[in-house]
>>> print(open('upload.txt').read())   # compact mmCIF, C-alpha atoms
# COMPACT_ATOMS: atom_id res chain seq x y z
CA MET A 12 -76.24 -153.55 -1.98
CA ALA A 13 -73.39 -151.11 -2.51
CA SER A 14 -75.25 -148.30 -0.80
CA ILE A 15 -75.59 -150.38 2.33
CA SER A 16 -71.84 -150.60 2.72
CA VAL A 17 -71.01 -147.03 1.80
CA PHE A 18 -69.79 -145.82 5.16
CA ALA A 19 -68.71 -148.89 7.07
CA ALA A 20 -66.98 -147.56 10.10
CA LEU A 21 -67.27 -144.91 12.98
CA PRO A 22 -67.78 -143.32 18.07
CA PHE A 23 -68.54 -145.18 21.26
CA THR A 24 -70.10 -144.90 24.68
CA SER A 25 -69.08 -146.54 27.94
CA LEU A 26 -72.00 -148.07 29.75
CA GLU A 27 -71.12 -151.67 30.44
CA THR A 28 -68.48 -153.76 32.15
CA PRO A 29 -67.58 -157.01 30.43
CA SER A 30 -66.04 -160.16 31.74
CA LEU A 31 -64.18 -162.45 29.36
CA LEU A 32 -64.68 -166.19 29.37
CA PHE A 33 -61.78 -167.71 27.46
CA SER A 34 -61.92 -171.00 25.62
CA LYS A 35 -59.91 -172.54 22.83
CA ARG A 36 -60.08 -170.16 19.83
CA ARG A 37 -63.32 -168.59 21.02
CA VAL A 38 -64.02 -165.90 23.57
CA VAL A 39 -67.49 -164.88 24.66
CA VAL A 40 -67.91 -161.45 26.19
CA LYS A 41 -70.66 -161.38 28.78
CA ASN A 42 -72.06 -157.99 29.70
CA THR A 43 -73.06 -156.57 33.03
CA THR A 44 -74.52 -153.13 33.50
CA THR A 45 -72.18 -151.64 36.05
CA SER A 46 -71.33 -148.01 35.42
CA ILE A 47 -67.89 -147.03 36.61
CA PRO A 48 -67.11 -143.32 36.87
CA SER A 49 -63.60 -142.45 35.84
CA SER A 50 -61.42 -139.47 35.16
CA ILE A 51 -60.94 -140.26 31.49
CA ILE A 52 -61.19 -136.96 29.70
CA ARG A 53 -61.80 -136.74 25.99
CA SER A 54 -63.11 -134.42 23.31
CA PRO A 55 -64.03 -134.74 19.65
CA THR A 56 -61.22 -134.52 17.14
CA PRO A 57 -61.40 -131.18 15.30
CA ARG A 58 -61.59 -131.36 11.52
CA GLY A 59 -58.37 -130.74 9.66
CA ILE A 60 -54.85 -130.69 11.02
CA GLY A 61 -54.06 -129.57 14.55
CA PHE A 62 -54.06 -130.83 18.09
CA VAL A 63 -56.71 -132.53 20.17
CA SER A 64 -56.84 -131.57 23.82
CA CYS A 65 -58.75 -133.34 26.55
CA SER A 66 -61.90 -131.63 27.72
CA SER A 67 -63.28 -131.41 31.26
CA VAL A 68 -66.12 -133.77 30.52
CA ALA A 69 -65.97 -136.79 32.81
CA ASP A 70 -66.63 -140.11 31.16
CA LYS A 71 -67.26 -143.66 32.13
CA ALA A 72 -64.97 -146.53 31.27
CA SER A 73 -65.39 -150.25 31.36
CA THR A 74 -62.93 -152.67 32.92
CA LEU A 75 -62.05 -156.29 32.63
CA GLU A 76 -63.47 -158.19 35.53
CA ASP A 77 -60.85 -158.22 38.28
CA GLY A 78 -58.59 -156.29 35.90
CA PRO A 79 -57.07 -152.83 35.87
CA SER A 80 -59.23 -149.80 35.24
CA VAL A 81 -58.54 -147.86 32.06
CA GLY A 82 -59.65 -144.59 33.61
CA GLU A 83 -57.34 -144.11 36.56
CA ASN A 84 -55.28 -141.38 34.88
CA VAL A 85 -56.03 -138.53 32.53
CA CYS A 86 -55.60 -139.59 28.93
CA PRO A 87 -52.72 -138.16 26.91
CA GLU A 88 -53.10 -135.45 24.33
CA VAL A 89 -53.83 -136.67 20.80
CA GLN A 90 -51.81 -135.06 18.03
CA THR A 91 -53.22 -134.76 14.52
CA LEU A 92 -50.39 -134.66 11.98
CA THR A 93 -49.56 -135.29 8.33
CA TRP A 94 -47.06 -137.59 6.65
CA ASN A 95 -45.80 -137.33 3.09
CA TRP A 96 -46.16 -140.67 1.32
CA LYS A 97 -44.99 -140.80 -2.31
CA GLY A 98 -45.87 -137.13 -2.67
CA TYR A 99 -49.32 -137.47 -1.10
CA SER A 100 -50.37 -135.90 2.18
CA ILE A 101 -51.60 -138.50 4.66
CA ARG A 102 -53.35 -137.53 7.88
CA TYR A 103 -52.80 -139.53 11.05
CA GLN A 104 -53.41 -139.14 14.77
CA CYS A 105 -51.24 -140.38 17.61
CA ALA A 106 -51.12 -140.56 21.39
CA GLY A 107 -48.82 -142.09 23.98
CA THR A 108 -45.05 -142.13 24.27
CA SER A 109 -44.21 -145.57 25.64
CA GLY A 110 -45.13 -149.20 25.29
CA PRO A 111 -45.69 -151.33 22.19
CA ALA A 112 -46.89 -149.59 19.02
CA LEU A 113 -50.50 -150.00 17.89
CA VAL A 114 -51.70 -148.89 14.46
CA LEU A 115 -55.49 -148.54 14.13
CA VAL A 116 -56.91 -149.03 10.62
CA HIS A 117 -60.41 -147.83 9.71
CA GLY A 118 -62.98 -149.35 7.37
CA PHE A 119 -64.56 -148.29 4.07
CA GLY A 120 -65.76 -144.69 4.05
CA ALA A 121 -64.31 -143.93 7.47
CA ASN A 122 -61.13 -142.25 8.71
CA SER A 123 -58.95 -141.94 11.81
CA ASP A 124 -61.75 -140.08 13.62
CA HIS A 125 -63.36 -143.51 13.78
CA TRP A 126 -60.86 -144.26 16.56
CA ARG A 127 -61.13 -140.93 18.39
CA LYS A 128 -62.58 -142.60 21.49
CA ASN A 129 -59.91 -145.34 21.50
CA THR A 130 -56.71 -143.49 20.66
CA PRO A 131 -56.38 -141.34 23.83
CA VAL A 132 -57.35 -144.18 26.18
CA LEU A 133 -54.98 -146.70 24.64
CA GLY A 134 -52.30 -144.01 24.54
CA LYS A 135 -51.96 -144.31 28.31
CA SER A 136 -50.25 -147.69 27.89
CA TYR A 137 -49.21 -147.84 24.25
CA ARG A 138 -47.85 -145.75 21.40
CA VAL A 139 -51.03 -145.45 19.36
CA TYR A 140 -51.40 -144.32 15.75
CA SER A 141 -54.60 -144.07 13.73
CA ILE A 142 -54.21 -143.38 10.03
CA ASP A 143 -56.37 -142.09 7.18
CA LEU A 144 -55.83 -144.51 4.31
CA ILE A 145 -55.09 -142.75 1.05
CA GLY A 146 -58.38 -141.78 -0.58
CA TYR A 147 -60.21 -141.48 2.74
CA GLY A 148 -60.64 -139.00 5.54
CA TYR A 149 -58.37 -135.98 5.20
CA SER A 150 -55.65 -137.79 3.27
CA ASP A 151 -55.13 -136.93 -0.40
CA LYS A 152 -57.52 -138.48 -2.91
CA PRO A 153 -55.71 -138.90 -6.23
CA ASN A 154 -57.97 -139.58 -9.18
CA PRO A 155 -57.80 -143.31 -9.98
CA ARG A 156 -57.79 -142.49 -13.71
CA GLU A 157 -54.30 -141.01 -13.30
CA PHE A 158 -52.73 -144.45 -13.06
CA GLY A 159 -53.05 -145.62 -16.66
CA GLY A 160 -56.00 -147.91 -16.18
CA GLU A 161 -54.31 -149.92 -13.43
CA PRO A 162 -56.35 -150.19 -10.21
CA PHE A 163 -54.93 -147.91 -7.51
CA TYR A 164 -57.34 -148.19 -4.59
CA THR A 165 -56.55 -151.79 -3.74
CA PHE A 166 -55.53 -153.73 -0.66
CA GLU A 167 -52.02 -153.96 -2.08
CA THR A 168 -51.80 -150.14 -2.21
CA TRP A 169 -53.13 -149.70 1.31
CA GLY A 170 -51.03 -152.56 2.66
CA GLU A 171 -47.92 -150.90 1.25
CA GLN A 172 -49.01 -147.59 2.78
CA LEU A 173 -49.46 -149.22 6.18
CA ASN A 174 -46.04 -150.87 6.12
CA ASP A 175 -44.32 -147.68 4.94
CA PHE A 176 -46.09 -145.78 7.72
CA CYS A 177 -44.58 -148.14 10.28
CA LEU A 178 -41.12 -147.67 8.75
CA ASP A 179 -41.28 -143.88 8.33
CA VAL A 180 -43.45 -142.68 11.23
CA VAL A 181 -43.75 -145.40 13.87
CA LYS A 182 -40.17 -146.49 13.23
CA ASP A 183 -40.92 -149.82 14.84
CA GLU A 184 -42.82 -153.05 14.51
CA ALA A 185 -46.48 -152.71 15.42
CA PHE A 186 -49.69 -154.49 16.26
CA PHE A 187 -52.45 -153.75 13.75
CA ILE A 188 -55.99 -153.21 15.10
CA CYS A 189 -58.36 -153.16 12.13
CA ASN A 190 -62.09 -152.80 11.50
CA SER A 191 -64.08 -154.00 8.50
CA ILE A 192 -62.24 -153.47 5.18
CA GLY A 193 -59.28 -152.28 7.26
CA GLY A 194 -58.87 -155.91 8.31
CA LEU A 195 -57.94 -156.90 4.76
CA VAL A 196 -55.51 -153.98 4.65
CA GLY A 197 -53.87 -155.27 7.84
CA LEU A 198 -53.75 -158.82 6.51
CA GLN A 199 -52.21 -157.70 3.22
CA ALA A 200 -49.58 -155.65 5.04
CA ALA A 201 -48.76 -158.53 7.37
CA VAL A 202 -48.33 -160.94 4.45
CA SER A 203 -46.27 -158.50 2.36
CA LYS A 204 -43.80 -157.64 5.14
CA PRO A 205 -44.19 -160.09 8.03
CA GLU A 206 -41.24 -158.56 9.86
CA ILE A 207 -43.28 -155.41 10.56
CA CYS A 208 -46.55 -156.78 11.94
CA ARG A 209 -46.30 -158.35 15.41
CA GLY A 210 -49.95 -159.30 15.69
CA LEU A 211 -53.37 -158.62 14.20
CA MET A 212 -56.71 -157.86 15.79
CA LEU A 213 -59.41 -158.05 13.11
CA ILE A 214 -62.81 -156.59 14.02
CA ASP A 215 -65.72 -157.70 11.81
CA ILE A 216 -63.58 -158.28 8.72
CA PRO A 217 -65.49 -158.34 5.40
CA LEU A 218 -66.69 -161.58 3.90
CA ARG A 219 -66.63 -159.87 0.46
CA MET A 220 -69.74 -161.66 -0.77
CA LEU A 221 -69.71 -159.46 -3.91
CA HIS A 222 -66.20 -160.62 -4.84
CA ILE A 223 -66.08 -161.88 -8.40
CA LYS A 224 -64.98 -165.35 -7.21
CA LYS A 225 -68.16 -165.65 -5.16
CA GLN A 226 -70.48 -164.80 -8.03
CA PRO A 227 -71.93 -167.40 -10.44
CA LEU A 228 -70.18 -167.53 -13.82
CA ILE A 229 -73.36 -166.56 -15.61
CA GLY A 230 -73.69 -163.37 -13.57
CA ARG A 231 -70.14 -162.06 -13.89
CA PRO A 232 -70.59 -160.25 -17.23
CA PHE A 233 -73.58 -158.40 -15.80
CA ILE A 234 -71.56 -157.36 -12.75
CA ARG A 235 -68.81 -155.94 -14.96
CA SER A 236 -71.35 -154.09 -17.07
CA PHE A 237 -72.91 -152.53 -13.99
CA GLN A 238 -69.48 -151.51 -12.69
CA ASN A 239 -68.65 -149.85 -16.01
CA LEU A 240 -71.98 -148.00 -15.84
CA LEU A 241 -71.12 -146.59 -12.40
CA ARG A 242 -67.52 -145.74 -13.23
CA ASN A 243 -67.79 -144.39 -16.75
CA THR A 244 -71.17 -142.64 -16.97
CA PRO A 245 -72.92 -139.88 -14.97
CA VAL A 246 -74.96 -142.58 -13.22
CA GLY A 247 -72.21 -143.20 -10.65
CA LYS A 248 -71.91 -139.59 -9.57
CA LEU A 249 -75.68 -139.23 -9.39
CA PHE A 250 -75.76 -142.31 -7.18
CA PHE A 251 -73.07 -140.88 -4.91
CA LYS A 252 -74.88 -137.54 -4.71
CA SER A 253 -78.07 -139.31 -3.65
CA ILE A 254 -76.40 -140.98 -0.67
CA ALA A 255 -73.89 -138.31 0.40
CA LYS A 256 -76.50 -136.58 2.56
CA PRO A 257 -76.79 -136.47 6.36
CA GLU A 258 -80.14 -138.25 6.43
CA THR A 259 -78.94 -141.05 4.14
CA VAL A 260 -75.66 -141.52 6.00
CA ARG A 261 -77.60 -141.65 9.27
CA SER A 262 -79.90 -144.32 7.83
CA ILE A 263 -76.98 -146.43 6.59
CA LEU A 264 -75.17 -146.18 9.92
CA SER A 265 -78.34 -147.10 11.77
CA GLN A 266 -78.40 -150.32 9.79
CA CYS A 267 -74.89 -151.35 10.81
CA TYR A 268 -75.29 -150.35 14.47
CA HIS A 269 -77.30 -152.72 16.62
CA ASP A 270 -78.02 -149.79 18.94
CA SER A 271 -79.08 -147.03 16.58
CA SER A 272 -79.10 -144.50 19.42
CA GLN A 273 -75.31 -144.42 19.05
CA VAL A 274 -75.68 -142.85 15.60
CA THR A 275 -75.31 -139.23 16.68
CA ASP A 276 -75.04 -135.97 14.75
CA GLU A 277 -71.34 -135.90 15.62
CA LEU A 278 -70.87 -139.35 14.15
CA VAL A 279 -72.72 -138.53 10.94
CA GLU A 280 -70.57 -135.42 10.45
CA ALA A 281 -67.33 -137.30 11.17
CA ILE A 282 -68.13 -139.77 8.40
CA LEU A 283 -69.83 -137.49 5.89
CA ARG A 284 -67.70 -134.34 5.93
CA PRO A 285 -64.45 -135.77 4.50
CA GLY A 286 -66.57 -137.74 2.03
CA LEU A 287 -67.63 -134.44 0.46
CA GLU A 288 -64.07 -133.32 -0.28
CA PRO A 289 -62.85 -133.08 -3.89
CA GLY A 290 -61.98 -136.48 -5.30
CA ALA A 291 -64.00 -138.47 -2.76
CA VAL A 292 -66.66 -139.48 -5.30
CA ASP A 293 -64.07 -141.01 -7.63
CA VAL A 294 -62.53 -143.01 -4.79
CA PHE A 295 -65.96 -144.21 -3.73
CA LEU A 296 -66.94 -145.37 -7.21
CA GLU A 297 -63.57 -147.02 -7.78
CA PHE A 298 -63.82 -149.07 -4.62
CA ILE A 299 -67.42 -150.21 -4.91
CA CYS A 300 -66.47 -151.47 -8.38
CA TYR A 301 -63.44 -153.32 -6.95
CA SER A 302 -64.64 -156.91 -6.94
CA GLY A 303 -61.21 -158.49 -7.26
CA GLY A 304 -58.20 -158.62 -4.98
CA PRO A 305 -57.63 -160.94 -2.02
CA LEU A 306 -60.21 -162.53 0.25
CA PRO A 307 -59.60 -163.11 3.96
CA GLU A 308 -59.42 -166.84 3.29
CA ASP A 309 -56.63 -166.17 0.76
CA LEU A 310 -54.47 -164.21 3.20
CA LEU A 311 -55.05 -165.90 6.56
CA PRO A 312 -53.09 -169.06 5.62
CA LEU A 313 -50.10 -166.86 4.72
CA VAL A 314 -49.97 -164.81 7.94
CA LYS A 315 -46.99 -165.52 10.18
CA CYS A 316 -48.09 -163.50 13.23
CA PRO A 317 -50.83 -164.41 15.74
CA VAL A 318 -54.34 -163.20 14.94
CA LEU A 319 -57.36 -162.44 17.10
CA ILE A 320 -60.75 -161.99 15.42
CA ALA A 321 -63.54 -160.06 17.15
CA TRP A 322 -67.07 -160.09 15.73
CA GLY A 323 -70.25 -158.24 16.61
CA GLU A 324 -72.93 -160.82 17.27
CA LYS A 325 -75.58 -158.61 15.64
CA ASP A 326 -73.57 -157.50 12.61
CA PRO A 327 -76.19 -157.25 9.81
CA TRP A 328 -73.65 -156.82 7.01
CA GLU A 329 -71.18 -159.60 7.85
CA PRO A 330 -73.18 -162.37 9.60
CA ILE A 331 -71.27 -163.98 12.44
CA GLU A 332 -72.50 -167.42 11.34
CA LEU A 333 -70.31 -167.08 8.26
CA GLY A 334 -67.50 -165.24 10.04
CA ARG A 335 -66.92 -168.07 12.51
CA ALA A 336 -65.22 -170.09 9.77
CA TYR A 337 -62.25 -167.72 9.94
CA GLY A 338 -61.57 -168.94 13.47
CA ASP A 339 -60.45 -172.29 12.03
CA PHE A 340 -57.31 -170.93 10.39
CA ASP A 341 -54.08 -171.85 12.17
CA ALA A 342 -52.98 -168.23 12.65
CA VAL A 343 -56.21 -167.35 14.49
CA GLU A 344 -55.68 -167.90 18.19
CA GLU A 345 -59.00 -166.56 19.44
CA PHE A 346 -62.42 -165.80 17.97
CA VAL A 347 -64.20 -163.22 20.12
CA VAL A 348 -67.99 -162.89 20.11
CA LEU A 349 -69.33 -159.46 21.12
CA PRO A 350 -73.00 -159.74 22.15
CA GLU A 351 -75.43 -156.99 21.17
CA ALA A 352 -72.84 -155.34 18.91
CA GLY A 353 -73.12 -154.51 15.22
CA HIS A 354 -70.55 -154.00 12.49
CA CYS A 355 -68.39 -151.48 14.39
CA PRO A 356 -68.10 -152.83 17.96
CA GLN A 357 -65.16 -150.61 18.87
CA ASP A 358 -67.51 -147.65 18.51
CA GLU A 359 -70.72 -149.12 19.75
CA LYS A 360 -69.32 -151.06 22.72
CA PRO A 361 -66.72 -149.58 25.11
CA GLU A 362 -65.35 -152.95 26.11
CA MET A 363 -63.27 -152.97 22.95
CA VAL A 364 -60.63 -151.03 24.85
CA ASN A 365 -60.48 -153.85 27.35
CA LEU A 366 -60.53 -156.42 24.59
CA ILE A 367 -57.51 -154.87 22.91
CA SER A 368 -55.66 -154.85 26.24
CA SER A 369 -56.60 -158.48 26.77
CA TYR A 370 -55.34 -159.34 23.30
CA LEU A 371 -51.96 -157.73 23.85
CA SER A 372 -51.45 -159.48 27.19
CA SER A 373 -52.58 -162.89 25.93
CA SER A 374 -50.21 -165.82 25.98
CA SER A 375 -48.91 -165.26 22.45
CA PHE A 376 -47.82 -161.71 23.19
CA HIS A 377 -47.05 -161.97 26.89
CA SER A 378 -43.35 -162.67 26.49
CA VAL A 379 -42.98 -159.86 23.95
CA ILE A 380 -44.71 -157.29 26.14
CA CYS A 381 -42.82 -158.34 29.26
CA LYS A 382 -39.52 -158.13 27.40
CA GLU A 383 -40.26 -154.57 26.32
CA THR A 384 -41.39 -153.59 29.79
CA LEU A 385 -38.14 -154.86 31.28
CA GLU A 386 -36.09 -153.05 28.65
CA ASP A 387 -37.97 -149.81 29.34
CA LYS A 388 -37.27 -150.13 33.07
CA ARG A 389 -33.57 -150.64 32.45
CA LYS A 390 -33.30 -147.39 30.42
>>> encode(input="upload.txt", output="C-alpha cells")
Amino acid sequence: MASISVFAALPFTSLETPSLLFSKRRVVVKNTTTSIPSSIIRSPTPRGIGFVSCSSVADKASTLEDGPSVGENVCPEVQTLTWNWKGYSIRYQCAGTSGPALVLVHGFGANSDHWRKNTPVLGKSYRVYSIDLIGYGYSDKPNPREFGGEPFYTFETWGEQLNDFCLDVVKDEAFFICNSIGGLVGLQAAVSKPEICRGLMLIDIPLRMLHIKKQPLIGRPFIRSFQNLLRNTPVGKLFFKSIAKPETVRSILSQCYHDSSQVTDELVEAILRPGLEPGAVDVFLEFICYSGGPLPEDLLPLVKCPVLIAWGEKDPWEPIELGRAYGDFDAVEEFVVLPEAGHCPQDEKPEMVNLISSYLSSSSFHSVICKETLEDKRK
C-alpha cells in the first residue's frame, strides 16, 4: 500500500475547455474539446537553483466559458531561489509582481516542479510562489534521527514552514493552493495562524485511510511492528531502492493518472531525481511510517477562512465517493468535481488554472480582490 503512494504529485497539458456549472457547495466541470491556440510560452524548470526563462514553444490554454483567456500575454519569468529557514536551505519558485499572493503546496514525494506549468500562467495575474517542503525536492533533508526521537516530518513542521515562508518571503497574507498531502499542510498552517491564510483550495486531499485512528484496535500493534521494521532495519532502505527506479516511478504515476499518456519521461525525472539525493530515503521511510497527526476531519472544523475542495473524479487513491463528505463542513464553500481526472488534476487537466481563477473571484473572495485592485490603481 505504501508503495502506491510513494510519489503522489506532478505536469499538465492543455487540450480542453471547461465550463463551470455552479451549485450550492458543489461544482461540476463539464469538458468540451475545443483547442485554443495561445501565446503562452513555457519551458521546463531546470534542476537546481537558477532562473527559468520562457521558451518559444507555443502552447494551448483553456478558458472559462465566456471568461477571459489565460493566454493573451506572454507569461512572466519564473525565478528559482532559496530561503534560509532555521538554518536549512529551502528551494522555492516564484512568478508575478502584482495581485494577491498564492502559495502552491505539493504532495508527498513531489516538489515545486509539480507546479511548473501553473506558476508562470498564474503569475500573469497573481504573485505566485511554489515551495519545496523541507525533506522534499531540492530543499534540505535533515535526518529525522537528529531530533531526539521526536517526529520531525509532520504536518505541524510543514505548517510552521509554510506560515514562516509567508512572513519572511511573501511578506503578506496568501491563498494556499494545495495538492494531496499538501492539503493537510495548508490546513494545519491555516489553523495554526489564521491571520496568514486568506483562503484554501484543496485538490484531492488525503483521506489517510492508514491513519492509526482508522485501523482496528487488534491490528495496531502489527502496524507499529511493521513501521519499526522499515525504519530500524535494512528492510526499509531495500524497499526504497526497489521503487526508486524510473520504471517503478512511471508505473506508480500511471496508477494515479487517469490518462497515463501524461506520464512522460520529463515527469518521471522531475519526481525521481530529487528523490535520489542524500537523505531522501530517510525522509521517505519516516513519512510512510507516520500514521499519526491530524486528519482532514480534525482540521476542517477549526479553519476560519473559506475553503474550496477540488477532486478528480477518477482518483484511484482517494475515492471521490469518500471525499464528498468533506464538502459538508461549514468552512467548505464549494466541492468541485473534475471529470476524467486522477489524483493530480492540476497536472493532468489544464482547466485547473481556470478553476483557481474562478475560486479567487468567487463571492467569498470577490470583495477582497476588488479592494486590492482598487488600492493598486490608486498607487
>>> atom_distance(input="upload.txt", atom1="CA of Glu167 in chain A", atom2="CA of Gln226 in chain A")
22.2 Å
>>> closest_residue(input="upload.txt", among="A:Gly146, A:Pro131, A:Pro312, A:Gly159", to="Asp341 in chain A", atoms="all atoms listed in the file")
A:Pro312
>>> closest_atom_pairs(input="upload.txt", of="range 71-150 of chain A", to="range 191-205 of chain A", cutoff="7 Å", atoms="all atoms listed in the file", output="Markdown table")
| residue | atom | partner | partner_atom | distance |
| --- | --- | --- | --- | --- |
| A:Val116 | CA | A:Gly193 | CA | 5.2 |
| A:His117 | CA | A:Gly193 | CA | 5.2 |
| A:Gly118 | CA | A:Gly193 | CA | 4.7 |
| A:Phe119 | CA | A:Ile192 | CA | 5.8 |
>>> atom_distance(input="upload.txt", atom1="CA of Gln357 in chain A", atom2="CA of Trp169 in chain A")
21.3 Å
>>> atom_distance(input="upload.txt", atom1="CA of Ala342 in chain A", atom2="CA of Pro317 in chain A")
5.4 Å
>>> closest_residue(input="upload.txt", among="A:Ala255, A:Asp183, A:Val348, A:Glu329", to="Glu288 in chain A", atoms="all atoms listed in the file")
A:Ala255
>>> residues_around(input="upload.txt", residues="Gly338 in chain A", least_positions_apart="3", cutoff="10 Å", atoms="all atoms listed in the file", output="JSON, numbers by chain")
{"A": [36, 37, 311, 318, 319, 320, 321, 334, 335, 341, 342, 343, 344, 345, 346, 347]}
>>> closest_residue(input="upload.txt", among="A:Lys135, A:Arg102, A:His269, A:Arg209", to="Pro87 in chain A", atoms="only C-alpha atoms")
A:Lys135
>>> closest_residue(input="upload.txt", among="A:Cys177, A:Val114, A:Ala336, A:Ile145", to="Met212 in chain A", atoms="only C-alpha atoms")
A:Val114
>>> residues_near_point(input="upload.txt", point="(-46.4, -145.4, 7.5)", cutoff="12 Å", atoms="all atoms listed in the file", output="VMD selection string")
chain A and resid 93 to 97 100 to 104 114 to 116 140 to 145 169 to 185 200 207
>>> residues_around(input="upload.txt", residues="Phe251 in chain A", least_positions_apart="3", cutoff="9 Å", atoms="all atoms listed in the file", output="list of chain:residue names")
A:Ser14, A:Val246, A:Gly247, A:Lys248, A:Ile254, A:Ala255, A:Val292, A:Phe295, A:Leu296
>>> residues_around(input="upload.txt", residues="Phe298 in chain A", least_positions_apart="2", cutoff="12 Å", atoms="only C-alpha atoms", output="PDB file with C-alpha atoms, keeping the file's coordinate frame")
ATOM      1  CA  ALA A  13     -73.390-151.110  -2.510  1.00  0.00           C
ATOM      2  CA  SER A  16     -71.840-150.600   2.720  1.00  0.00           C
ATOM      3  CA  VAL A  17     -71.010-147.030   1.800  1.00  0.00           C
ATOM      4  CA  PHE A  18     -69.790-145.820   5.160  1.00  0.00           C
ATOM      5  CA  PHE A 119     -64.560-148.290   4.070  1.00  0.00           C
ATOM      6  CA  GLY A 120     -65.760-144.690   4.050  1.00  0.00           C
ATOM      7  CA  GLY A 146     -58.380-141.780  -0.580  1.00  0.00           C
ATOM      8  CA  TYR A 147     -60.210-141.480   2.740  1.00  0.00           C
ATOM      9  CA  PRO A 155     -57.800-143.310  -9.980  1.00  0.00           C
ATOM     10  CA  PRO A 162     -56.350-150.190 -10.210  1.00  0.00           C
ATOM     11  CA  PHE A 163     -54.930-147.910  -7.510  1.00  0.00           C
ATOM     12  CA  TYR A 164     -57.340-148.190  -4.590  1.00  0.00           C
ATOM     13  CA  THR A 165     -56.550-151.790  -3.740  1.00  0.00           C
ATOM     14  CA  PHE A 166     -55.530-153.730  -0.660  1.00  0.00           C
ATOM     15  CA  ILE A 192     -62.240-153.470   5.180  1.00  0.00           C
ATOM     16  CA  LEU A 221     -69.710-159.460  -3.910  1.00  0.00           C
ATOM     17  CA  HIS A 222     -66.200-160.620  -4.840  1.00  0.00           C
ATOM     18  CA  GLN A 238     -69.480-151.510 -12.690  1.00  0.00           C
ATOM     19  CA  LEU A 241     -71.120-146.590 -12.400  1.00  0.00           C
ATOM     20  CA  ARG A 242     -67.520-145.740 -13.230  1.00  0.00           C
ATOM     21  CA  GLY A 247     -72.210-143.200 -10.650  1.00  0.00           C
ATOM     22  CA  ALA A 291     -64.000-138.470  -2.760  1.00  0.00           C
ATOM     23  CA  VAL A 292     -66.660-139.480  -5.300  1.00  0.00           C
ATOM     24  CA  ASP A 293     -64.070-141.010  -7.630  1.00  0.00           C
ATOM     25  CA  VAL A 294     -62.530-143.010  -4.790  1.00  0.00           C
ATOM     26  CA  PHE A 295     -65.960-144.210  -3.730  1.00  0.00           C
ATOM     27  CA  LEU A 296     -66.940-145.370  -7.210  1.00  0.00           C
ATOM     28  CA  CYS A 300     -66.470-151.470  -8.380  1.00  0.00           C
ATOM     29  CA  TYR A 301     -63.440-153.320  -6.950  1.00  0.00           C
ATOM     30  CA  SER A 302     -64.640-156.910  -6.940  1.00  0.00           C
ATOM     31  CA  GLY A 303     -61.210-158.490  -7.260  1.00  0.00           C
ATOM     32  CA  GLY A 304     -58.200-158.620  -4.980  1.00  0.00           C
TER      33      GLY A 304
END
>>> closest_residue(input="upload.txt", among="A:Asn239, A:Asn122, A:Ser136, A:Thr168", to="Glu280 in chain A", atoms="all atoms listed in the file")
A:Asn122
>>> residues_around(input="upload.txt", residues="Gly107 in chain A", least_positions_apart="3", cutoff="6 Å", atoms="only C-alpha atoms", output="list in words")
Gly134, Lys135, Tyr137 and Arg138 of chain A
>>> closest_residue(input="upload.txt", among="A:Asp326, A:Glu206, A:Asp276, A:Glu157", to="Cys355 in chain A", atoms="only C-alpha atoms")
A:Asp326
>>> residues_around(input="upload.txt", residues="Pro327 in chain A", least_positions_apart="6", cutoff="10 Å", atoms="only C-alpha atoms", output="PDB file with C-alpha atoms, keeping the file's coordinate frame")
ATOM      1  CA  GLN A 266     -78.400-150.320   9.790  1.00  0.00           C
ATOM      2  CA  CYS A 267     -74.890-151.350  10.810  1.00  0.00           C
ATOM      3  CA  TYR A 268     -75.290-150.350  14.470  1.00  0.00           C
ATOM      4  CA  HIS A 269     -77.300-152.720  16.620  1.00  0.00           C
ATOM      5  CA  ALA A 352     -72.840-155.340  18.910  1.00  0.00           C
ATOM      6  CA  GLY A 353     -73.120-154.510  15.220  1.00  0.00           C
ATOM      7  CA  HIS A 354     -70.550-154.000  12.490  1.00  0.00           C
TER       8      HIS A 354
END
>>> residues_near_point(input="upload.txt", point="(-57.9, -141.4, 23.9)", cutoff="7 Å", atoms="all atoms listed in the file", output="PyMOL selection string")
chain A and resi 53+86-87+89+127-134
